[in-house]
Amino acid sequence: MTKIKNLADLRELKDKLQSKTKLRDKSESPDQLVQIKVAMATCCIASGSRETMNYIVDELDKRNIDAVVTQTGCMGYCYAEPTVEVIVPGKEPIVFGYVDAKRADEIIEKYIKGGMLVEGIIPVNYKKIDQ
Amino acid sequence: MKDISYHILDIARNSLNAGANLIEISITEHNDTGELILQIRDNGYGMTEDMLKRITDPFFTTSSTKKVGLGLPLLKQNAELTGGCLRIESERNRGTLVTALFHQFHIDMIPEGDLAMTFRSLISSNPESDFLYRHRADEGEFILDTAEIRRELEGISLNAREVLDYITDYIRENLKALKIKEM
Ligand code: FES
């Protein structure tokens, strides 16, 4: 039987992380950060929003973009799941539909980094159902 | 929902929406009988008796908000398809306990799915909440306790990618040690 892993090596991880300067507290200036909300209601989950979200979190980190990624409820565009709302500081929120890994990559590279519009924008004046 | 990991994410999202900041998730598997028991307990607002009665009705959703929808009826259906069942206990302002029993040998049993990915996404978007995940099987058991990790890391946010990677590996390796097939 393989040995069950315990949390013993957490200390090591902590030391490693503390020496990294990039770990600023993200809550200090949240309005300066890119905010991304991934709809994560029942049918969103069934259509792949978990994978989309994990992909976005990883890619933002790899590409050194400071952002806050959260989960939210149904945004009302169930036909275009998985849906993602992106708020770049100083700009209007934009909702993107059918966000798989490929589209998420475009959103990060072209819209967030490059400021260009990309396909998949849901043209809306929406009200949030959640909250 | 095509596997248990998605159900867990879905039910835990209900809990978070109900104000919970501690969610305990346990999976217990018995190899001999094939029983798998999934329990999700939270410390959220809970439900009234009236809500409880109607909660597994697919056409019911808490009127003012749209927060609890299809999730529980789907879990009930998937459990019942294997000859299992679903039970929900709840107390107003104390929390809710959802228990689903599955029979793994049944042809309609759904896979467990990518449990590590479910916890990764929950923790990365709710780094302030605590998740206590316990998985028991004949081979042994393991626990993932974010409160413990938080204490050890002293102020480092749980949604730093290195921490998420650590947690993902921790779950994956332990599931392997327990000989649990994820997909
Ligand atoms: S349920 Fe997924 S966007 Fe509406």
# chains A, B, ... in the order shown; residues from 1 in each chain; ligands from 1
call {"tool": "select_by_dssp", "arguments": {"residues": "chain B", "states": "strand (DSSP E)", "output": "PyMOL selection string"}}
result
chain B and resi 22-29+35-42+85-91+95-103+130-137+140-145
call {"tool": "residues_near_ligand", "arguments": {"ligand": "ligand 1", "cutoff": "7 Å", "atoms": "only C-alpha atoms and all ligand atoms", "output": "PyMOL selection string"}}
result
chain A and resi 39-44+74-78+81-83
call {"tool": "closest_atom_pairs", "arguments": {"of": "chain B", "to": "chain A", "cutoff": "8 Å", "atoms": "only C-alpha atoms", "output": "CSV"}}
result
residue,atom,partner,partner_atom,distance
B:Met1,CA,A:Ala46,CA,5.6
B:Lys2,CA,A:Ala46,CA,7.4
B:Tyr6,CA,A:Ile45,CA,6.7
B:Leu9,CA,A:Ile45,CA,8.0
B:Asp10,CA,A:Thr42,CA,5.8
B:Arg13,CA,A:Ala41,CA,7.7
B:Thr65,CA,A:Asp130,CA,7.1
B:Lys66,CA,A:Asp130,CA,7.2
B:Lys67,CA,A:Gly73,CA,7.4
B:Gly69,CA,A:Thr42,CA,7.6
B:Leu70,CA,A:Thr42,CA,6.5
B:Gly71,CA,A:Thr42,CA,5.6
B:Met117,CA,A:Asn54,CA,7.6
B:Thr118,CA,A:Arg50,CA,7.2
B:Arg120,CA,A:Asn54,CA,7.5
B:Ser121,CA,A:Asn54,CA,6.0
B:Ser124,CA,A:Val69,CA,7.8
B:Ser125,CA,A:Thr70,CA,4.6
B:Asn126,CA,A:Thr70,CA,7.4
B:Glu139,CA,A:Met1,CA,7.6
B:Glu141,CA,A:Ile4,CA,7.9
B:Phe142,CA,A:Ile4,CA,7.0
B:Ile149,CA,A:Leu10,CA,7.5
B:Glu152,CA,A:Leu10,CA,6.8
B:Leu153,CA,A:Lys14,CA,5.5
B:Ile156,CA,A:Lys14,CA,7.7
B:Ser157,CA,A:Asp25,CA,7.8
B:Ala160,CA,A:Leu23,CA,7.5
B:Arg161,CA,A:Asp58,CA,7.0
B:Glu162,CA,A:Leu17,CA,7.8
B:Val163,CA,A:Leu13,CA,7.8
B:Tyr170,CA,A:Lys5,CA,6.7
B:Glu173,CA,A:Lys5,CA,7.1
B:Asn174,CA,A:Ile4,CA,5.5
B:Lys176,CA,A:Thr2,CA,7.9
B:Ala177,CA,A:Thr2,CA,4.9
B:Leu178,CA,A:Thr2,CA,7.9
call {"tool": "residues_around", "arguments": {"residues": "Glu29 of chain B", "least_positions_apart": "2", "cutoff": "6 Å", "atoms": "only C-alpha atoms", "output": "number ranges by chain"}}
result
B: 35-36, 137
call {"tool": "select_by_dssp", "arguments": {"residues": "chain A", "states": "helix (DSSP H, G or I)", "output": "JSON, numbers by chain"}}
result
{"A": [7, 8, 9, 10, 11, 12, 13, 14, 15, 16, 17, 18, 30, 31, 32, 42, 43, 44, 45, 46, 49, 50, 51, 52, 53, 54, 55, 56, 57, 58, 59, 60, 61, 62, 78, 79, 80, 101, 102, 103, 104, 105, 106, 107, 108, 109, 110, 111, 112, 113]}
call {"tool": "atom_distance", "arguments": {"atom1": "atom CA of Leu81 of chain B", "atom2": "atom CA of Ile40 of chain B"}}
result
19.8 Å
call {"tool": "residues_around", "arguments": {"residues": "segment 117-123 of chain A", "least_positions_apart": "6", "cutoff": "6 Å", "atoms": "only C-alpha atoms", "output": "PyMOL selection string"}}
result
chain A and resi 95-97+111
call {"tool": "closest_residue", "arguments": {"among": "B:Gln39, B:Glu148, B:Met47, B:Asp114", "to": "Leu97 of chain B", "atoms": "only C-alpha atoms"}}
result
B:Gln39
call {"tool": "residues_around", "arguments": {"residues": "Arg134 of chain B", "least_positions_apart": "3", "cutoff": "8 Å", "atoms": "only C-alpha atoms", "output": "VMD selection string"}}
result
chain B and resid 24 to 27 141 to 144
call {"tool": "closest_residue", "arguments": {"among": "A:Ile107, A:Glu59, A:Ile65, A:Leu33", "to": "Glu85 of chain A", "atoms": "only C-alpha atoms"}}
result
A:Ile107
